[in-house]
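Engineer: For reference, the structure I am asking about is given below.
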Amino acid sequence: MNSILPGAPWLIAHRSMLAINKPFKITLNNSDYVLWQNAKGEIFALENVCPHMQAPLDNGWVCEKNNSIVCPFHALEFDGKGRLIKDGGAKGEPIAKSLDLIIQDDLIWTYGGFEARLPIPSLIAERTKELSFLGIAGNKIIQAEFLRCIKINYDFNHQNGVHRDTFKIVDNPVESFEHDGYYAKVVQTFIREDNTLKEILQNPSLISFPKKVKNQLEYTFPSTTLFTVEVPLGEILQFFILYPETDNRTRTFVLCYANWHNPIVKVPGLGNLIKRSLLESTAKIVEQDSQAVESLYPSQKPKIRLPKEEIMSYTQRLYHEW
């Protein structure tokens with residue numbers, strides 16, 4: 001099978017997604033891998049197939065004593081380099097294939113076995129210094145090819161349709177669009193109608209969104225979209241992450257951070273309510289985007305062009321010229 005954008009850096013997980021000494025399966029570019037994290041915070045990854053009789057290793061368990069993954073079929077153990085564990089120690093050369101990981105703080109990156117064509121982007125590390133990590137939202141599979149999934153993040157016109165019911169967006173004028181290689185930046189404003197009291201009670205995070213919401217989008221192609229917005233409660237940052245699982249299946253999740261300015265967030269119980277509501281709202285955005293992409297018919301040449309589509313042309317060019 002063909003690999004999508006070989007040599008691109010992929011953010012496959014945040015450390016909080018891995019429980020201690022529990023197998024964690026991911027799929028990247030048509031290959032399955034199993035990750036595990038030990039009590040010291042060390043993280044390892046192997047192809048998710050036992051080299052004996054091809055059992056899925058993620059159905060097994062982690063041996064804390066030997067820091068190894070154990071096959072569920074015959075209880076064979078393999079260390080993080082893919083070597084067989086016998087008599088309490090690793091023996092011989094690796095026979096299970098390992099996956100090279102790049103760990104940056106809590107972020108787990110990989111090139112999926114390919115030679116790097118782009119450096120690991122510094123966007124997340126630079127923008128989250130001294131911010132509070134709120135959690136992961138919208139961790140799901142989109143049943144659609146990768147290009148269609150990244151295009152919706154670069155599509156400024158879909159806000160008025162796909163997300164109208166939730167955020168009452170009626171327009172989103174773009175003030176600026178600039179790009180430099182694989183990095184792009186957009187400044188825009190959401191113009192909203194008022195939410196009803198019922199909508200606010202169902203989604204308390206809407207309290208913090210005024211009728212005009214100036215926001216900024218930053219992109220590091222191909223995996224990361226940063227949405228930054230300043231609201232009365234403080235600054236909210238959401239990193240929308242994508243990577244290709246298969247030719248027609250894409251994984252997404254969102255890293256949420258905040259820099260709260262308003263002391264109301266520190267009121268017992270209220271802060272957790274706001275945080276939970278924000279994560280739920282983010283998950284709903286991901287669900288709406290996913291449903292929109294999954295419902296599309298096969299691609300055809302557009303017969304209509306809308307304003308502000310130049311950034312979609314930009315990302316399509318990067319993809320096809322890769």
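Convention: chains lettered A, B, ... in structure tokens order; per-chain residue numbering from 1; ligands numbered from 1 as shown.
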Please provide as a list in words all residues within 9 Å of region 189-194 of chain A, with the sequence filter that same-chain residues fewer than 2 positions apart are discarded (counting only C-alpha atoms).
Structural biologist: Gln159, Arg164, Phe167, Lys168, Ile169, Val170, Asp171, Asn172, Pro173, Val174, Glu175, Val187, Thr196, Phe209, Pro210, Lys211, Lys212, Val213, Lys214, Asn215 and Gln216 of chain A
Engineer: List the neighbours of Glu235 (chain A) out to 7 Å using only C-alpha atoms; skip same-chain residues closer than 2 positions along the sequence, and give me the result as a PyMOL selection string.
Structural biologist: chain A and resi 229-231+237+258-260
Engineer: Report as a PyMOL selection string all protein, DNA and RNA residues lying within 8 Å of Gly135 (chain A), evaluated on only C-alpha atoms, omitting residues in the same chain fewer than 3 positions from it.
Structural biologist: chain A and resi 255-257+279
Engineer: Could you please write out, as a ChimeraX atom specification, every residue of region 56-208 of chain A that DSSP assigns to helix (DSSP H, G or I)?
Structural biologist: /A:57-59,123-127,146-153,159-162,164-167,197-202,204-208
Engineer: Which residues, written as a PyMOL selection string, have at least one atom at most 9 Å from region 24-41 of chain A, with only C-alpha atoms counted and residues fewer than 5 positions away on the same chain left out?
Structural biologist: chain A and resi 1-4+6+10+12-13+15+17-19+46-49+56-58+62+64+67-69+80+98-99+112+243-247+250-251
Engineer: Can you work out which one of A:Leu5, A:Cys50, A:Ala125, A:Cys63 has the shortest atom-to-atom distance to Ile20 (chain A), counting only C-alpha atoms?
Structural biologist: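 Closest to Ile20 (chain A) of all the choices is A:Cys63.
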Engineer: Could you pull the residues within 6 Å of Thr110 (chain A), counting only C-alpha atoms, minus those fewer than 5 positions along the same chain, as a list in words?
Structural biologist: Pro9, Trp10, Leu101 and Ile102 of chain A
Engineer: Generate a file of the selected residues that holds all heavy atoms, formatted as a short mmCIF file (atom, residue, chain, number, x, y, z; two decimals), in the first residue's frame.
Structural biologist:
data_model
loop_
_atom_site.label_atom_id
_atom_site.label_comp_id
_atom_site.auth_asym_id
_atom_site.auth_seq_id
_atom_site.Cartn_x
_atom_site.Cartn_y
_atom_site.Cartn_z
N PRO A 9 6.35 14.49 9.75
CA PRO A 9 6.26 14.16 11.18
C PRO A 9 4.81 14.06 11.61
O PRO A 9 3.99 14.92 11.30
CB PRO A 9 6.94 15.37 11.85
CG PRO A 9 6.72 16.50 10.89
CD PRO A 9 6.65 15.91 9.51
N TRP A 10 4.48 12.99 12.33
CA TRP A 10 3.11 12.76 12.77
C TRP A 10 3.05 12.75 14.30
O TRP A 10 3.80 12.03 14.95
CB TRP A 10 2.58 11.43 12.24
CG TRP A 10 2.60 11.32 10.75
CD1 TRP A 10 3.40 10.49 9.99
CD2 TRP A 10 1.80 12.05 9.82
NE1 TRP A 10 3.13 10.67 8.66
CE2 TRP A 10 2.15 11.62 8.52
CE3 TRP A 10 0.81 13.04 9.95
CZ2 TRP A 10 1.56 12.14 7.36
CZ3 TRP A 10 0.21 13.55 8.80
CH2 TRP A 10 0.59 13.10 7.53
N LEU A 101 10.39 6.71 17.92
CA LEU A 101 9.57 7.78 18.47
C LEU A 101 10.44 8.98 18.81
O LEU A 101 11.61 8.83 19.16
CB LEU A 101 8.85 7.31 19.73
CG LEU A 101 7.94 6.09 19.62
CD1 LEU A 101 7.38 5.72 20.99
CD2 LEU A 101 6.80 6.32 18.63
N ILE A 102 9.86 10.16 18.71
CA ILE A 102 10.50 11.38 19.19
C ILE A 102 9.59 11.94 20.27
O ILE A 102 8.46 12.35 19.99
CB ILE A 102 10.71 12.42 18.07
CG1 ILE A 102 11.58 11.84 16.96
CG2 ILE A 102 11.35 13.67 18.63
CD1 ILE A 102 10.81 11.30 15.79
#
Engineer: Could you check how far CA of Leu123 (chain A) sits from CA of Glu218 (chain A), in Å to one decimal?
Structural biologist: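 Going from CA of Leu123 (chain A) over to CA of Glu218 (chain A) covers 8.5 Å.
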Engineer: Which residues come within 6 Å of Cys71 (chain A), counting only C-alpha atoms, excluding same-chain residues fewer than 2 positions away, as a list of chain:residue names?
Structural biologist: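 Listing them by chain and then by number gives A:Leu57, A:Gly60, A:Phe73, A:Ala75, A:Leu76.
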Engineer: Please identify all polymer residues within 8 Å of Phe78 (chain A), counting only C-alpha atoms, omitting same-chain residues fewer than 3 positions from it, and present them as a PyMOL selection string.
Structural biologist: chain A and resi 68-70+81-85+90+96
Engineer: What gap, in Å, lies between CA of Ile311 (chain A) and CA of Pro232 (chain A)?
Structural biologist: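 Distance reported for this atom pair: 29.5 Å.
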Engineer: For each of A:Tyr182, A:Ile200, A:Gly89, A:Gly138, take the minimum atom-to-atom distance to Glu321 (chain A), counting only C-alpha atoms, then give the residue where this is smallest.
Structural biologist: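 Among the listed residues, A:Tyr182 lies closest to Glu321 (chain A).
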Engineer: Between A:Asp180, A:Glu310, A:Glu294, A:Asp105, which one has atoms that come closest to Lys129 (chain A), using only C-alpha atoms?
Structural biologist: A:Asp105
